[in-house]
Amino acid sequence: MKSKKTLKSIAFCLVWIFLLSAAALPAAAASEQIINLTDLYGNGYSASSEAIEGDGADVGPAERAFDNEALPEEISAETIAGLSRWAANTTADTWLEVKFIDKVTITAFQINECKLWGNITSFEIQAYAGEEWKTIYTGGETATDRCDVEESIETDRVRLYVTGVAADRFQGVSILEMDYFGTCGDSFPQNLSAMPLVNYSASTIEGTNANEMLAFDGDLSSRWASQQGDHAGAYLEVDFYIPVRVTGFQINECTTWGNITSYEIQYWDGEAWKTAYTGEQTVTDGILLASEVTAEKVRLLVNSVDPARYAGVTVYEMNILGFYDAEQLPDNLAASSGATYTASSSEGDGMGAEQAFDQNLTTRWASEPEDGAGAWIEVAFASDVTVEQFNIYENKAWGNVTGYNVQCFVNGEWKTVYEGTETSPDVISLASPEKTNRVRVTFTSVAEDRYQGVTLWEMGVFGIGPEIETPPEEQEPNTGTGDASQLVWLAAAAALCALSLPLCRAARKESEA
């Protein structure tokens, strides 16, 4: 009897030791963040059928259901005008699919159906797994609420499969927006085309409203177009300035007037352009390369187009997919917290000096039309910085700079640290680093036969900023055993261990007796 009591006491102590020790251990890492998977780059969209209306810009194609268009609170015959949507004039075996460029885990979905003319009465969410479609959710009429799937699943393909529509209404399906939610691993590629400090170029542009940057702005309603006649040999290029690992690409070509029939994805190896992929007609799906390449420049090179159609090239969007080390990018001091921006003049609202430092190549600073020679733009820092490099991304659509200088405010006066002629988005190094809290670029001359103002998409100032110490209350919690509360728990556990030793000895003596 006494032996049983002793064993119970030992068991009690061991349980407490376990609980206290567990409390002293660091917390487990948080689970992967749930994101909108339809926002990932490289996705391909398809459907069983597409009821195209007009040129398909608003109604018909599958991708119209995944364009993140803002929807009004109430859908009516008036508010639906101009909204994009996928539409199908079929009911049997009707589906809408997303194909991801790599594996993702599906946890939820959301459907915004247009029910003005007809409506779904039953549907399934299916994921492709094990060489077949597997149902992960079964529903009746759709609702705009976000719904969790019945079973989370890892897949690279998921679809809405319609099994029934209202018999007394339009016999088709129309989806305004559809989203899938879940997680993706570290192996899922990034869109390198959207990296900071990239430069875009092209063989030619059709006009200012079809320039090369519009193929990388994330907007399927804008486009790059080459000049008519520029097809064989036409190119669209991205310069990353640092080595990146390229694993794939995605081209969304505008085929309204013409289409590519042969192309290459090429990379610069430091001496010459090498081919990483060869294709015929483009597809909107993301494409993985047979093997990744490391390069600082990548381009689409067009070899031929359909001779019976428009003799040029038009691309809505192009994404270069892969990975990069953000630590290799120079620190853009001009985008640092506390920096302020001024200029000699601004053409109007939305074109102030700050637009040249927002790291957005779709906004710009513009001086007043006649403020060309002598125009200046300045960035002031919250404290001293060391400036080593700069770059200027000028909008040369209407006019262009022919002379400029870069100045740093040193010892109470402006010091010229660089003088140049035409600007370049390339990163330029100063002869020596300069410690300052203000940097100004003055444009000393502009082309006489063109627009007499200055327009910049972006300007970067690179170097070393002040060291920022994290305040004690904002420091990351210590996950080691040096944390005071953890030491208290561990001490308590050790004390219980000491107390349990006599019990263990007593139990052994009883068993030997």
# chains A, B, ... in the order shown; residues from 1 in each chain; ligands from 1
$ residues_around --residues "region 234-247 of chain A" --least-positions-apart "5" --cutoff "7 Å" --atoms "only C-alpha atoms" --output "list in words"
Ser193, Leu197, Val198, Asn199, Tyr200, Ser201, Ala202, Ser203, Leu288, Leu289, Ser291, Glu292, Val293, Thr294, Ala295, Glu296, Lys297, Val298, Arg299, Leu300, Leu301, Val302, Leu321, Gly322, Phe323, Tyr324 and Gln328 of chain A
$ select_by_dssp --residues "region 207-244 of chain A" --states "strand (DSSP E or B)" --output "PyMOL selection string"
chain A and resi 224-225+235-244
$ residues_around --residues "region 133-147 of chain A" --least-positions-apart "2" --cutoff "8 Å" --atoms "only C-alpha atoms" --output "PyMOL selection string"
chain A and resi 108-113+119-129+131+149-153
$ closest_residue --among "A:Thr256, A:Thr442, A:Ser346, A:Gln389" --to "Gly374 (chain A)" --atoms "only C-alpha atoms"
A:Thr442
$ residues_around --residues "Gln250 (chain A)" --least-positions-apart "6" --cutoff "6 Å" --atoms "only C-alpha atoms" --output "list in words"
Gly42, Gly286, Met318 and Asn319 of chain A
$ closest_residue --among "A:Cys184, A:Leu176, A:Ala334, A:Val313" --to "Ala210 (chain A)" --atoms "only C-alpha atoms"
A:Val313
$ atom_distance --atom1 "CA of Glu53 (chain A)" --atom2 "CA of Ser221 (chain A)"
16.3 Å
$ atom_distance --atom1 "CA of Ser336 (chain A)" --atom2 "CA of Ala382 (chain A)"
8.9 Å
$ residues_around --residues "Ala343 (chain A)" --least-positions-apart "6" --cutoff "12 Å" --atoms "only C-alpha atoms" --output "ChimeraX atom specification"
/A:351-356,365-368,371,374-380,439-443,454-456
$ write_last_selection --atoms "C-alpha atoms" --output "PDB file, in the first residue's frame"
ATOM      1  CA  MET A 351       2.977  65.533 -59.833  1.00  0.00           C
ATOM      2  CA  GLY A 352       4.777  66.901 -56.773  1.00  0.00           C
ATOM      3  CA  ALA A 353       8.378  66.190 -55.804  1.00  0.00           C
ATOM      4  CA  GLU A 354       7.363  63.255 -53.570  1.00  0.00           C
ATOM      5  CA  GLN A 355       6.160  61.346 -56.650  1.00  0.00           C
ATOM      6  CA  ALA A 356       9.784  60.936 -57.755  1.00  0.00           C
ATOM      7  CA  TRP A 365       7.314  64.568 -60.743  1.00  0.00           C
ATOM      8  CA  ALA A 366       6.942  67.210 -63.447  1.00  0.00           C
ATOM      9  CA  SER A 367       8.251  70.763 -63.294  1.00  0.00           C
ATOM     10  CA  GLU A 368       6.221  73.601 -64.741  1.00  0.00           C
ATOM     11  CA  ASP A 371      10.956  75.461 -65.765  1.00  0.00           C
ATOM     12  CA  GLY A 374      17.443  75.593 -63.794  1.00  0.00           C
ATOM     13  CA  ALA A 375      14.755  73.251 -62.448  1.00  0.00           C
ATOM     14  CA  TRP A 376      15.776  71.309 -59.349  1.00  0.00           C
ATOM     15  CA  ILE A 377      14.492  68.540 -57.064  1.00  0.00           C
ATOM     16  CA  GLU A 378      15.719  67.867 -53.530  1.00  0.00           C
ATOM     17  CA  VAL A 379      15.502  65.261 -50.770  1.00  0.00           C
ATOM     18  CA  ALA A 380      16.251  66.152 -47.126  1.00  0.00           C
ATOM     19  CA  VAL A 439      20.826  66.049 -51.809  1.00  0.00           C
ATOM     20  CA  ARG A 440      19.736  68.176 -54.758  1.00  0.00           C
ATOM     21  CA  VAL A 441      19.755  67.558 -58.511  1.00  0.00           C
ATOM     22  CA  THR A 442      19.758  70.685 -60.694  1.00  0.00           C
ATOM     23  CA  PHE A 443      18.940  70.361 -64.388  1.00  0.00           C
ATOM     24  CA  VAL A 454      11.586  68.172 -66.685  1.00  0.00           C
ATOM     25  CA  THR A 455       9.725  64.967 -65.804  1.00  0.00           C
ATOM     26  CA  LEU A 456      11.118  62.190 -63.571  1.00  0.00           C
TER      27      LEU A 456
END
$ residues_around --residues "region 76-87 of chain A" --least-positions-apart "3" --cutoff "9 Å" --atoms "only C-alpha atoms" --output "number ranges by chain"
A: 47, 49-53, 57-67, 69-72, 96, 114, 116, 172-177
$ closest_residue --among "A:Tyr263, A:Trp95, A:Tyr393, A:Tyr404" --to "Gly372 (chain A)" --atoms "only C-alpha atoms"
A:Tyr404
$ atom_distance --atom1 "CA of Pro369 (chain A)" --atom2 "CA of Gln452 (chain A)"
5.7 Å
$ closest_residue --among "A:Arg223, A:Ala92, A:Asn209, A:Leu192" --to "Gln171 (chain A)" --atoms "only C-alpha atoms"
A:Ala92
$ closest_residue --among "A:Tyr267, A:Trp398, A:Tyr41, A:Tyr277" --to "Ala447 (chain A)" --atoms "only C-alpha atoms"
A:Trp398
